[in-house]
file data.cif (mmCIF, C-alpha atoms)
data_work
loop_
_atom_site.group_PDB
_atom_site.id
_atom_site.type_symbol
_atom_site.label_atom_id
_atom_site.label_comp_id
_atom_site.auth_asym_id
_atom_site.auth_seq_id
_atom_site.Cartn_x
_atom_site.Cartn_y
_atom_site.Cartn_z
ATOM 1 C CA MET A 14 -6.351 -7.862 10.623
ATOM 2 C CA ASP A 15 -7.576 -8.148 7.047
ATOM 3 C CA VAL A 16 -5.073 -8.388 4.223
ATOM 4 C CA GLU A 17 -6.089 -5.088 2.599
ATOM 5 C CA GLU A 18 -5.309 -3.161 5.767
ATOM 6 C CA LEU A 19 -2.071 -5.103 6.221
ATOM 7 C CA ALA A 20 -1.086 -4.274 2.640
ATOM 8 C CA HIS A 21 -1.544 -0.562 3.427
ATOM 9 C CA LEU A 22 0.573 -0.916 6.554
ATOM 10 C CA ARG A 23 3.192 -2.923 4.664
ATOM 11 C CA ARG A 24 3.491 -0.199 2.007
ATOM 12 C CA ALA A 25 3.924 2.355 4.762
ATOM 13 C CA ARG A 26 6.658 0.259 6.349
ATOM 14 C CA ASP A 27 8.344 -0.276 2.969
ATOM 15 C CA LEU A 28 8.311 3.503 2.524
ATOM 16 C CA LEU A 29 10.032 3.883 5.899
ATOM 17 C CA ASP A 30 12.617 1.317 4.849
ATOM 18 C CA ARG A 31 13.370 3.272 1.672
ATOM 19 C CA GLU A 32 12.976 6.836 2.876
ATOM 20 C CA TYR A 33 14.430 6.519 6.368
ATOM 21 C CA ALA A 34 16.918 9.313 5.712
ATOM 22 C CA ARG A 35 14.156 11.874 5.120
ATOM 23 C CA PRO A 36 12.062 13.566 7.797
ATOM 24 C CA LEU A 37 9.144 11.341 8.750
ATOM 25 C CA ASP A 38 5.673 12.642 8.009
ATOM 26 C CA VAL A 39 3.319 10.325 9.879
ATOM 27 C CA PRO A 40 0.183 12.301 8.920
ATOM 28 C CA ALA A 41 1.108 11.925 5.228
ATOM 29 C CA MET A 42 1.709 8.219 5.696
ATOM 30 C CA SER A 43 -1.621 7.915 7.512
ATOM 31 C CA ARG A 44 -3.408 9.579 4.622
ATOM 32 C CA ALA A 45 -1.699 7.228 2.188
ATOM 33 C CA ALA A 46 -2.972 4.340 4.299
ATOM 34 C CA LEU A 47 -6.451 5.928 4.400
ATOM 35 C CA MET A 48 -6.413 6.104 8.199
ATOM 36 C CA SER A 49 -6.370 8.779 10.893
ATOM 37 C CA THR A 50 -2.914 9.411 12.347
ATOM 38 C CA ALA A 51 -3.752 7.844 15.717
ATOM 39 C CA HIS A 52 -5.436 4.825 14.159
ATOM 40 C CA PHE A 53 -2.561 4.350 11.715
ATOM 41 C CA SER A 54 0.060 4.434 14.472
ATOM 42 C CA ARG A 55 -1.937 2.009 16.600
ATOM 43 C CA ARG A 56 -2.563 -0.474 13.780
ATOM 44 C CA PHE A 57 1.051 -0.245 12.585
ATOM 45 C CA ARG A 58 2.164 -1.119 16.083
ATOM 46 C CA GLU A 59 -0.244 -4.048 16.245
ATOM 47 C CA ALA A 60 1.127 -5.403 12.962
ATOM 48 C CA TYR A 61 4.832 -4.708 13.406
ATOM 49 C CA GLY A 62 5.376 -4.351 17.138
ATOM 50 C CA GLU A 63 6.543 -0.745 16.959
ATOM 51 C CA THR A 64 4.979 2.624 16.191
ATOM 52 C CA PRO A 65 5.933 4.149 12.822
ATOM 53 C CA TYR A 66 8.273 6.557 14.602
ATOM 54 C CA GLY A 67 9.810 3.750 16.639
ATOM 55 C CA TYR A 68 10.233 1.700 13.473
ATOM 56 C CA LEU A 69 11.965 4.643 11.787
ATOM 57 C CA GLN A 70 14.365 4.980 14.717
ATOM 58 C CA THR A 71 15.097 1.261 14.611
ATOM 59 C CA ARG A 72 15.604 1.412 10.855
ATOM 60 C CA ARG A 73 18.013 4.345 11.141
ATOM 61 C CA VAL A 74 20.007 2.572 13.832
ATOM 62 C CA GLU A 75 20.041 -0.666 11.813
ATOM 63 C CA ARG A 76 21.275 1.245 8.747
ATOM 64 C CA ALA A 77 23.829 3.060 10.916
ATOM 65 C CA MET A 78 25.092 -0.316 12.178
ATOM 66 C CA ALA A 79 25.641 -1.436 8.578
ATOM 67 C CA LEU A 80 27.503 1.779 7.693
ATOM 68 C CA LEU A 81 29.600 1.625 10.868
ATOM 69 C CA ARG A 82 30.529 -2.003 10.123
ATOM 70 C CA ARG A 83 31.791 -0.831 6.725
ATOM 71 C CA GLY A 84 34.225 1.374 8.603
ATOM 72 C CA ASP A 85 34.846 4.165 6.051
ATOM 73 C CA LEU A 86 32.575 6.786 7.650
ATOM 74 C CA SER A 87 32.884 8.549 10.976
ATOM 75 C CA VAL A 88 30.116 8.331 13.559
ATOM 76 C CA THR A 89 29.086 11.911 12.734
ATOM 77 C CA GLU A 90 28.933 11.175 9.008
ATOM 78 C CA VAL A 91 26.866 8.057 9.673
ATOM 79 C CA CYS A 92 24.511 10.021 11.910
ATOM 80 C CA PHE A 93 23.648 12.485 9.131
ATOM 81 C CA GLU A 94 23.716 9.798 6.449
ATOM 82 C CA VAL A 95 20.821 7.954 8.115
ATOM 83 C CA GLY A 96 18.717 11.086 8.497
ATOM 84 C CA SER A 97 19.382 11.962 12.123
ATOM 85 C CA THR A 98 19.896 15.689 12.679
ATOM 86 C CA SER A 99 21.349 15.605 16.171
ATOM 87 C CA LEU A 100 24.489 13.664 17.039
ATOM 88 C CA GLY A 101 23.480 13.639 20.695
ATOM 89 C CA SER A 102 20.085 12.058 20.206
ATOM 90 C CA PHE A 103 21.471 9.697 17.523
ATOM 91 C CA THR A 104 24.119 8.470 19.961
ATOM 92 C CA SER A 105 21.673 8.011 22.819
ATOM 93 C CA THR A 106 19.098 6.193 20.632
ATOM 94 C CA PHE A 107 21.834 3.986 19.143
ATOM 95 C CA THR A 108 23.233 3.170 22.571
ATOM 96 C CA ARG A 109 19.797 2.425 23.982
ATOM 97 C CA LEU A 110 18.897 0.044 21.130
ATOM 98 C CA VAL A 111 22.261 -1.608 20.482
ATOM 99 C CA GLY A 112 23.666 -1.670 23.997
ATOM 100 C CA LYS A 113 26.892 0.130 23.138
ATOM 101 C CA PRO A 114 27.717 3.565 21.691
ATOM 102 C CA PRO A 115 28.228 3.905 17.911
ATOM 103 C CA GLY A 116 31.971 4.569 18.274
ATOM 104 C CA ALA A 117 32.491 1.326 20.180
ATOM 105 C CA TYR A 118 30.292 -0.590 17.742
ATOM 106 C CA ARG A 119 32.286 0.796 14.791
ATOM 107 C CA VAL A 120 35.597 -0.661 16.016
ATOM 108 C CA GLY A 121 34.113 -4.044 17.009
ATOM 109 C CA ASP A 122 34.615 -7.338 15.184
ATOM 110 C CA HIS A 123 31.926 -7.916 12.541
ATOM 111 C CA ALA A 124 33.654 -10.642 10.497
ATOM 112 C CA GLU A 125 30.940 -13.193 11.220
ATOM 113 C CA LEU A 126 28.382 -11.131 9.256
ATOM 114 C CA ALA A 127 30.477 -10.759 6.087
ATOM 115 C CA PRO A 128 29.026 -13.580 3.911
ATOM 116 C CA ILE A 129 25.392 -12.970 4.867
ATOM 117 C CA PRO A 130 23.031 -11.109 2.520
ATOM 118 C CA PRO A 131 22.241 -7.703 4.052
ATOM 119 C CA CYS A 132 18.498 -8.330 4.227
ATOM 120 C CA VAL A 133 19.259 -11.342 6.428
ATOM 121 C CA ALA A 134 21.921 -9.513 8.410
ATOM 122 C CA LYS A 135 19.367 -6.749 8.790
ATOM 123 C CA ALA A 136 16.904 -9.143 10.383
ATOM 124 C CA TRP A 137 19.592 -10.621 12.632
ATOM 125 C CA THR A 138 21.150 -7.367 13.691
ATOM 126 C CA ARG A 139 17.971 -5.294 13.808
ATOM 127 C CA PRO A 140 18.039 -3.753 17.250
ATOM 128 C CA SER A 141 15.179 -5.096 19.310
ATOM 129 C CA ARG A 142 13.205 -3.057 21.769
ATOM 130 C CA ASN A 143 12.552 -6.242 23.713
ATOM 131 C CA GLY A 144 15.972 -7.862 23.525
ATOM 132 C CA GLU A 145 19.402 -6.300 23.723
ATOM 133 C CA ALA A 146 18.198 -2.850 24.623
ATOM 134 C CA ARG A 147 16.194 -4.012 27.604
ATOM 135 C CA ALA A 148 18.988 -6.312 28.746
ATOM 136 C CA ALA A 149 21.491 -3.482 28.387
ATOM 137 C CA GLY A 150 19.158 -1.080 30.144
ATOM 138 C CA ALA A 151 18.690 -3.461 33.046
ATOM 139 C CA ALA A 152 22.437 -4.025 33.424
ATOM 140 C CA MET B 2 20.128 -43.799 33.842
ATOM 141 C CA GLU B 3 22.502 -44.193 30.957
ATOM 142 C CA LYS B 4 23.213 -41.005 29.113
ATOM 143 C CA ARG B 5 22.321 -41.168 25.458
ATOM 144 C CA GLY B 6 24.598 -39.896 22.761
ATOM 145 C CA PRO B 7 23.395 -37.926 19.759
ATOM 146 C CA PRO B 8 21.183 -39.864 17.337
ATOM 147 C CA GLU B 9 23.081 -41.710 14.659
ATOM 148 C CA LEU B 10 23.016 -40.092 11.233
ATOM 149 C CA HIS B 11 22.132 -42.347 8.319
ATOM 150 C CA ARG B 12 23.688 -41.141 5.131
ATOM 151 C CA VAL B 13 23.706 -42.689 1.690
ATOM 152 C CA ALA B 14 27.103 -41.998 0.217
ATOM 153 C CA GLY B 15 26.907 -40.294 -3.154
ATOM 154 C CA MET B 16 23.124 -40.055 -3.094
ATOM 155 C CA PRO B 17 21.895 -37.485 -5.584
ATOM 156 C CA LEU B 18 20.034 -34.770 -3.746
ATOM 157 C CA SER B 19 18.306 -31.756 -5.187
ATOM 158 C CA ILE B 20 15.527 -29.313 -4.446
ATOM 159 C CA THR B 21 12.402 -29.899 -6.526
ATOM 160 C CA HIS B 22 9.697 -27.559 -5.149
ATOM 161 C CA THR B 23 9.808 -24.437 -3.045
ATOM 162 C CA PRO B 24 6.463 -23.033 -1.911
ATOM 163 C CA VAL B 25 5.586 -19.379 -2.395
ATOM 164 C CA TYR B 26 2.409 -18.637 -0.449
ATOM 165 C CA CYS B 27 0.009 -16.455 -2.397
ATOM 166 C CA LEU B 28 -3.099 -14.477 -1.523
ATOM 167 C CA ASP B 29 -4.404 -14.580 -5.105
ATOM 168 C CA LEU B 30 -3.264 -17.401 -7.350
ATOM 169 C CA ASP B 31 -4.173 -15.798 -10.684
ATOM 170 C CA GLU B 32 -2.339 -12.590 -9.815
ATOM 171 C CA ALA B 33 0.660 -14.624 -8.702
ATOM 172 C CA LEU B 34 0.643 -16.693 -11.869
ATOM 173 C CA ALA B 35 0.503 -13.600 -14.090
ATOM 174 C CA PHE B 36 3.342 -11.991 -12.141
ATOM 175 C CA TYR B 37 5.720 -14.959 -12.105
ATOM 176 C CA THR B 38 5.104 -15.850 -15.773
ATOM 177 C CA ASN B 39 4.390 -12.593 -17.624
ATOM 178 C CA ARG B 40 6.594 -10.280 -15.605
ATOM 179 C CA LEU B 41 9.419 -12.574 -14.507
ATOM 180 C CA GLY B 42 9.488 -15.175 -17.279
ATOM 181 C CA PHE B 43 8.773 -18.376 -15.356
ATOM 182 C CA GLU B 44 7.079 -21.210 -17.262
ATOM 183 C CA VAL B 45 4.078 -23.151 -15.988
ATOM 184 C CA ARG B 46 5.074 -26.776 -15.285
ATOM 185 C CA ASP B 47 1.962 -28.117 -13.559
ATOM 186 C CA ASP B 48 -1.523 -26.718 -13.304
ATOM 187 C CA VAL B 49 -3.695 -29.486 -11.915
ATOM 188 C CA THR B 50 -6.911 -29.386 -9.971
ATOM 189 C CA VAL B 51 -6.798 -31.974 -7.199
ATOM 190 C CA GLY B 52 -10.087 -32.791 -5.547
ATOM 191 C CA PRO B 53 -12.704 -30.115 -4.936
ATOM 192 C CA THR B 54 -10.459 -27.262 -3.774
ATOM 193 C CA MET B 55 -6.752 -27.879 -4.319
ATOM 194 C CA ARG B 56 -4.886 -26.460 -7.312
ATOM 195 C CA TRP B 57 -1.336 -27.738 -7.801
ATOM 196 C CA LEU B 58 0.317 -24.904 -9.704
ATOM 197 C CA THR B 59 4.055 -24.881 -10.278
ATOM 198 C CA VAL B 60 6.343 -22.676 -12.340
ATOM 199 C CA ALA B 61 10.039 -22.949 -13.119
ATOM 200 C CA ALA B 62 12.702 -20.943 -14.873
ATOM 201 C CA PRO B 63 13.326 -22.100 -18.468
ATOM 202 C CA GLY B 64 15.643 -25.114 -18.343
ATOM 203 C CA SER B 65 15.376 -25.535 -14.592
ATOM 204 C CA ASP B 66 13.826 -28.390 -12.619
ATOM 205 C CA HIS B 67 13.513 -26.353 -9.446
ATOM 206 C CA ARG B 68 9.867 -25.397 -9.274
ATOM 207 C CA LEU B 69 8.174 -22.700 -7.343
ATOM 208 C CA LEU B 70 4.926 -24.070 -5.972
ATOM 209 C CA LEU B 71 2.519 -21.151 -6.165
ATOM 210 C CA ALA B 72 0.548 -22.126 -3.119
ATOM 211 C CA ALA B 73 -2.834 -20.555 -2.472
ATOM 212 C CA ILE B 74 -3.168 -20.288 1.272
ATOM 213 C CA ASP B 75 -6.745 -21.628 1.038
ATOM 214 C CA HIS B 76 -5.425 -24.779 -0.657
ATOM 215 C CA HIS B 77 -2.126 -25.497 1.048
ATOM 216 C CA VAL B 78 -2.499 -24.345 4.635
ATOM 217 C CA PRO B 79 -4.744 -26.033 7.210
ATOM 218 C CA PRO B 80 -7.865 -23.946 8.015
ATOM 219 C CA VAL B 81 -6.716 -23.255 11.572
ATOM 220 C CA ASP B 82 -3.540 -21.557 10.280
ATOM 221 C CA GLN B 83 -4.904 -19.762 7.232
ATOM 222 C CA ASP B 84 -5.569 -16.402 8.869
ATOM 223 C CA ALA B 85 -2.131 -16.400 10.470
ATOM 224 C CA MET B 86 -0.475 -17.279 7.155
ATOM 225 C CA ARG B 87 -2.450 -14.623 5.263
ATOM 226 C CA GLU B 88 -1.299 -12.041 7.798
ATOM 227 C CA LEU B 89 2.349 -13.127 7.521
ATOM 228 C CA VAL B 90 2.231 -12.894 3.737
ATOM 229 C CA ALA B 91 0.357 -9.575 3.630
ATOM 230 C CA LYS B 92 2.748 -8.072 6.192
ATOM 231 C CA GLY B 93 5.598 -8.866 3.807
ATOM 232 C CA THR B 94 7.383 -11.373 6.028
ATOM 233 C CA LEU B 95 8.373 -14.083 3.541
ATOM 234 C CA PRO B 96 11.304 -13.831 1.101
ATOM 235 C CA VAL B 97 12.053 -15.408 -2.281
ATOM 236 C CA PHE B 98 15.601 -15.295 -3.696
ATOM 237 C CA LEU B 99 16.165 -15.358 -7.458
ATOM 238 C CA ARG B 100 19.266 -15.191 -9.666
ATOM 239 C CA VAL B 101 19.131 -13.176 -12.896
ATOM 240 C CA ASP B 102 21.742 -12.183 -15.469
ATOM 241 C CA ASP B 103 20.624 -8.571 -15.974
ATOM 242 C CA VAL B 104 19.316 -7.251 -12.695
ATOM 243 C CA ASP B 105 19.064 -3.660 -13.939
ATOM 244 C CA GLY B 106 17.046 -4.666 -16.988
ATOM 245 C CA VAL B 107 14.717 -6.889 -14.983
ATOM 246 C CA PHE B 108 14.304 -4.190 -12.369
ATOM 247 C CA GLU B 109 13.414 -1.517 -14.931
ATOM 248 C CA SER B 110 10.836 -3.753 -16.579
ATOM 249 C CA LEU B 111 9.301 -4.575 -13.188
ATOM 250 C CA ARG B 112 9.207 -0.920 -12.199
ATOM 251 C CA ALA B 113 7.662 0.072 -15.546
ATOM 252 C CA ALA B 114 4.947 -2.521 -14.937
ATOM 253 C CA GLY B 115 4.050 -0.930 -11.616
ATOM 254 C CA THR B 116 5.673 -3.473 -9.291
ATOM 255 C CA GLU B 117 6.121 -2.334 -5.683
ATOM 256 C CA ILE B 118 9.784 -1.396 -5.263
ATOM 257 C CA LEU B 119 11.794 -2.062 -2.121
ATOM 258 C CA GLN B 120 15.319 -1.320 -3.281
ATOM 259 C CA GLU B 121 16.928 -0.208 -6.522
ATOM 260 C CA PRO B 122 19.824 -2.374 -7.807
ATOM 261 C CA ILE B 123 23.044 -1.828 -5.863
ATOM 262 C CA ASP B 124 26.389 -3.628 -5.646
ATOM 263 C CA GLN B 125 26.501 -5.572 -2.408
ATOM 264 C CA ALA B 126 29.546 -6.534 -0.369
ATOM 265 C CA TYR B 127 28.678 -10.233 -0.692
ATOM 266 C CA GLY B 128 29.299 -10.319 -4.433
ATOM 267 C CA LEU B 129 25.860 -9.630 -5.879
ATOM 268 C CA ARG B 130 24.262 -6.685 -7.539
ATOM 269 C CA ASP B 131 20.716 -7.013 -6.264
ATOM 270 C CA CYS B 132 17.368 -5.311 -5.886
ATOM 271 C CA GLY B 133 14.184 -5.892 -3.923
ATOM 272 C CA VAL B 134 10.551 -5.840 -5.027
ATOM 273 C CA ARG B 135 7.260 -7.242 -3.795
ATOM 274 C CA ASP B 136 5.173 -9.816 -5.593
ATOM 275 C CA PRO B 137 1.416 -9.117 -5.736
ATOM 276 C CA SER B 138 0.835 -10.961 -2.440
ATOM 277 C CA GLY B 139 3.528 -8.984 -0.635
ATOM 278 C CA ASN B 140 6.338 -11.541 -0.685
ATOM 279 C CA HIS B 141 9.796 -9.970 -0.692
ATOM 280 C CA LEU B 142 11.594 -10.865 -3.916
ATOM 281 C CA ARG B 143 15.373 -10.474 -3.946
ATOM 282 C CA LEU B 144 16.759 -10.473 -7.482
ATOM 283 C CA GLY B 145 20.525 -10.866 -7.626
ATOM 284 C CA GLN B 146 23.177 -10.868 -10.322
ATOM 285 C CA PRO B 147 26.707 -12.070 -9.448
ATOM 286 C CA LEU B 148 29.308 -9.328 -9.697
ATOM 287 C CA THR B 149 32.333 -9.910 -11.900
ATOM 288 C CA GLY B 150 35.100 -11.394 -9.786
ATOM 289 C CA SER B 151 32.726 -12.546 -7.064
ATOM 290 C CA GLY B 152 33.363 -16.223 -7.798
ATOM 291 C CA LEU B 153 29.628 -16.875 -7.339
ATOM 292 C CA PRO B 154 27.818 -19.320 -9.657
ATOM 293 C CA GLY B 155 26.521 -17.551 -12.755
ATOM 294 C CA GLU B 156 29.165 -14.858 -12.581
ATOM 295 C CA ASP B 157 29.532 -12.993 -15.864
ATOM 296 C CA ARG B 158 33.207 -13.326 -16.772
#
call {"tool": "encode", "arguments": {"input": "data.cif", "output": "structure tokens"}}
result
Amino acid sequence: MDVEELAHLRRARDLLDREYARPLDVPAMSRAALMSTAHFSRRFREAYGETPYGYLQTRRVERAMALLRRGDLSVTEVCFEVGSTSLGSFTSTFTRLVGKPPGAYRVGDHAELAPIPPCVAKAWTRPSRNGEARAAGAA
Amino acid sequence: MEKRGPPELHRVAGMPLSITHTPVYCLDLDEALAFYTNRLGFEVRDDVTVGPTMRWLTVAAPGSDHRLLLAAIDHHVPPVDQDAMRELVAKGTLPVFLRVDDVDGVFESLRAAGTEILQEPIDQAYGLRDCGVRDPSGNHLRLGQPLTGSGLPGEDR
């Protein structure tokens, strides 16, 4: 993929990283990237391994993990904080990607992550559609 | 067959050890140079043309010996890996971590200059107030300022 196209896709992904708590408008993002919606979603997936919507879900769950580790918000508060509008679908997406429900994750031991910069912790803890989730799903 | 133990470590007691150059891979060297000098305040330390294609361009913070090697992918990466490296850089994969003493001021000046913003300055649990921006190639720059009481080097007491 050429670097100009990748730069467009990167800006779209950066927007998702910043604006994850707002409703996702893939057509608007596609226009910003000067691509049709279908083409944009396909190329985004080729570059980053997930569709824009899948990336947004992953980002929300990753952000929810960080907030739950902090421990001062309830699962419901975290759900709305990260832009999810339904506690049921938030819980099922979280459980599918992380391998345990948000309530159980919240009370777990996260001491080993404390001294790590969040952008690194983010990369380490980012729920993977190919890793934990699949393993948990197969179990 | 005899089982081998771990390889022996050879250490020189008290040997001075420091980092001299850290590469930052760039898609466009002139853009990178303008960004790291004019916008961030790095100084050029070396700008040497080596042979027909290679430019050895380093910058460092005033008073520091730790240089960033602004490495054009065409110059510093073998041809077989250049496309892969360009993609990694353009996708925004590679990070650079910098310490500043006024993260809010630096951030505002970067934003005013049209720099791509990843994250506004916030106080982090690990003792830094930090922000995130992209350099012109797409590298992820983390700019951090130690929080008072963090005990981190450079903390403003």
call {"tool": "resolve_selection", "arguments": {"input": "data.cif", "expression": "the PyMOL selection byres ((chain A) within 6 of (chain B))", "output": "PDB file with C-alpha atoms, keeping the file's coordinate frame"}}
result
ATOM      1  CA  VAL A  16      -5.073  -8.388   4.223  1.00  0.00           C
ATOM      2  CA  LEU A  19      -2.071  -5.103   6.221  1.00  0.00           C
ATOM      3  CA  ALA A  20      -1.086  -4.274   2.640  1.00  0.00           C
ATOM      4  CA  ARG A  23       3.192  -2.923   4.664  1.00  0.00           C
ATOM      5  CA  PRO A 128      29.026 -13.580   3.911  1.00  0.00           C
TER       6      PRO A 128
END
call {"tool": "residues_around", "arguments": {"input": "data.cif", "residues": "Arg73 (chain A)", "least_positions_apart": "4", "cutoff": "12 Å", "atoms": "all atoms listed in the file", "output": "ChimeraX atom specification"}}
result
/A:29-37,66-69,77-81,91-98,103-104,106-107,110-111,135,139-140
call {"tool": "write_last_selection", "arguments": {"input": "data.cif", "atoms": "C-alpha atoms", "output": "PDB file, keeping the file's coordinate frame"}}
result
ATOM      1  CA  LEU A  29      10.032   3.883   5.899  1.00  0.00           C
ATOM      2  CA  ASP A  30      12.617   1.317   4.849  1.00  0.00           C
ATOM      3  CA  ARG A  31      13.370   3.272   1.672  1.00  0.00           C
ATOM      4  CA  GLU A  32      12.976   6.836   2.876  1.00  0.00           C
ATOM      5  CA  TYR A  33      14.430   6.519   6.368  1.00  0.00           C
ATOM      6  CA  ALA A  34      16.918   9.313   5.712  1.00  0.00           C
ATOM      7  CA  ARG A  35      14.156  11.874   5.120  1.00  0.00           C
ATOM      8  CA  PRO A  36      12.062  13.566   7.797  1.00  0.00           C
ATOM      9  CA  LEU A  37       9.144  11.341   8.750  1.00  0.00           C
ATOM     10  CA  TYR A  66       8.273   6.557  14.602  1.00  0.00           C
ATOM     11  CA  GLY A  67       9.810   3.750  16.639  1.00  0.00           C
ATOM     12  CA  TYR A  68      10.233   1.700  13.473  1.00  0.00           C
ATOM     13  CA  LEU A  69      11.965   4.643  11.787  1.00  0.00           C
ATOM     14  CA  ALA A  77      23.829   3.060  10.916  1.00  0.00           C
ATOM     15  CA  MET A  78      25.092  -0.316  12.178  1.00  0.00           C
ATOM     16  CA  ALA A  79      25.641  -1.436   8.578  1.00  0.00           C
ATOM     17  CA  LEU A  80      27.503   1.779   7.693  1.00  0.00           C
ATOM     18  CA  LEU A  81      29.600   1.625  10.868  1.00  0.00           C
ATOM     19  CA  VAL A  91      26.866   8.057   9.673  1.00  0.00           C
ATOM     20  CA  CYS A  92      24.511  10.021  11.910  1.00  0.00           C
ATOM     21  CA  PHE A  93      23.648  12.485   9.131  1.00  0.00           C
ATOM     22  CA  GLU A  94      23.716   9.798   6.449  1.00  0.00           C
ATOM     23  CA  VAL A  95      20.821   7.954   8.115  1.00  0.00           C
ATOM     24  CA  GLY A  96      18.717  11.086   8.497  1.00  0.00           C
ATOM     25  CA  SER A  97      19.382  11.962  12.123  1.00  0.00           C
ATOM     26  CA  THR A  98      19.896  15.689  12.679  1.00  0.00           C
ATOM     27  CA  PHE A 103      21.471   9.697  17.523  1.00  0.00           C
ATOM     28  CA  THR A 104      24.119   8.470  19.961  1.00  0.00           C
ATOM     29  CA  THR A 106      19.098   6.193  20.632  1.00  0.00           C
ATOM     30  CA  PHE A 107      21.834   3.986  19.143  1.00  0.00           C
ATOM     31  CA  LEU A 110      18.897   0.044  21.130  1.00  0.00           C
ATOM     32  CA  VAL A 111      22.261  -1.608  20.482  1.00  0.00           C
ATOM     33  CA  LYS A 135      19.367  -6.749   8.790  1.00  0.00           C
ATOM     34  CA  ARG A 139      17.971  -5.294  13.808  1.00  0.00           C
ATOM     35  CA  PRO A 140      18.039  -3.753  17.250  1.00  0.00           C
TER      36      PRO A 140
END
call {"tool": "residues_around", "arguments": {"input": "data.cif", "residues": "region 48-55 of chain B", "least_positions_apart": "2", "cutoff": "6 Å", "atoms": "all atoms listed in the file", "output": "list in words"}}
result
Trp57, Leu58 and His76 of chain B
call {"tool": "atom_distance", "arguments": {"input": "data.cif", "atom1": "CA of Thr38 (chain B)", "atom2": "CA of Arg130 (chain B)"}}
result
22.8 Å
call {"tool": "closest_residue", "arguments": {"input": "data.cif", "among": "B:Ala72, B:Arg5, B:Leu95, B:Met16", "to": "Asp31 (chain B)", "atoms": "all atoms listed in the file"}}
result
B:Ala72
call {"tool": "residues_around", "arguments": {"input": "data.cif", "residues": "Ser54 (chain A)", "least_positions_apart": "5", "cutoff": "12 Å", "atoms": "all atoms listed in the file", "output": "number ranges by chain"}}
result
A: 22, 25-26, 38-44, 46, 48-49, 59-68
call {"tool": "axis_aligned_box", "arguments": {"input": "data.cif", "around": "region 16-27 of chain B", "padding_each_side": "3 Å", "output": "JSON"}}
result
{"center_x": 11.6, "center_y": -28.3, "center_z": -3.5, "size_x": 29.1, "size_y": 29.6, "size_z": 12.1}
call {"tool": "atom_distance", "arguments": {"input": "data.cif", "atom1": "CA of Ala33 (chain B)", "atom2": "CA of Leu71 (chain B)"}}
result
7.2 Å
call {"tool": "resolve_selection", "arguments": {"input": "data.cif", "expression": "the PyMOL selection byres ((chain B and resi 149) around 12)", "output": "VMD selection string"}}
result
chain B and resid 102 124 to 125 127 to 130 146 to 148 150 to 158
call {"tool": "write_last_selection", "arguments": {"input": "data.cif", "atoms": "C-alpha atoms", "output": "PDB file, in the coordinates of the input"}}
result
ATOM      1  CA  ASP B 102      21.742 -12.183 -15.469  1.00  0.00           C
ATOM      2  CA  ASP B 124      26.389  -3.628  -5.646  1.00  0.00           C
ATOM      3  CA  GLN B 125      26.501  -5.572  -2.408  1.00  0.00           C
ATOM      4  CA  TYR B 127      28.678 -10.233  -0.692  1.00  0.00           C
ATOM      5  CA  GLY B 128      29.299 -10.319  -4.433  1.00  0.00           C
ATOM      6  CA  LEU B 129      25.860  -9.630  -5.879  1.00  0.00           C
ATOM      7  CA  ARG B 130      24.262  -6.685  -7.539  1.00  0.00           C
ATOM      8  CA  GLN B 146      23.177 -10.868 -10.322  1.00  0.00           C
ATOM      9  CA  PRO B 147      26.707 -12.070  -9.448  1.00  0.00           C
ATOM     10  CA  LEU B 148      29.308  -9.328  -9.697  1.00  0.00           C
ATOM     11  CA  GLY B 150      35.100 -11.394  -9.786  1.00  0.00           C
ATOM     12  CA  SER B 151      32.726 -12.546  -7.064  1.00  0.00           C
ATOM     13  CA  GLY B 152      33.363 -16.223  -7.798  1.00  0.00           C
ATOM     14  CA  LEU B 153      29.628 -16.875  -7.339  1.00  0.00           C
ATOM     15  CA  PRO B 154      27.818 -19.320  -9.657  1.00  0.00           C
ATOM     16  CA  GLY B 155      26.521 -17.551 -12.755  1.00  0.00           C
ATOM     17  CA  GLU B 156      29.165 -14.858 -12.581  1.00  0.00           C
ATOM     18  CA  ASP B 157      29.532 -12.993 -15.864  1.00  0.00           C
ATOM     19  CA  ARG B 158      33.207 -13.326 -16.772  1.00  0.00           C
TER      20      ARG B 158
END
call {"tool": "resolve_selection", "arguments": {"input": "data.cif", "expression": "the PyMOL selection byres ((chain B and resi 40) around 12)", "output": "JSON, numbers by chain"}}
result
{"B": [32, 33, 34, 35, 36, 37, 38, 39, 41, 42, 43, 44, 106, 107, 108, 109, 110, 111, 112, 113, 114, 115, 116, 136, 137]}
call {"tool": "atom_distance", "arguments": {"input": "data.cif", "atom1": "CA of Asp122 (chain A)", "atom2": "CA of Gly145 (chain B)"}}
result
27.0 Å
call {"tool": "closest_residue", "arguments": {"input": "data.cif", "among": "B:Arg68, B:Arg46, B:Arg100, B:Arg56", "to": "Val25 (chain B)", "atoms": "all atoms listed in the file"}}
result
B:Arg68
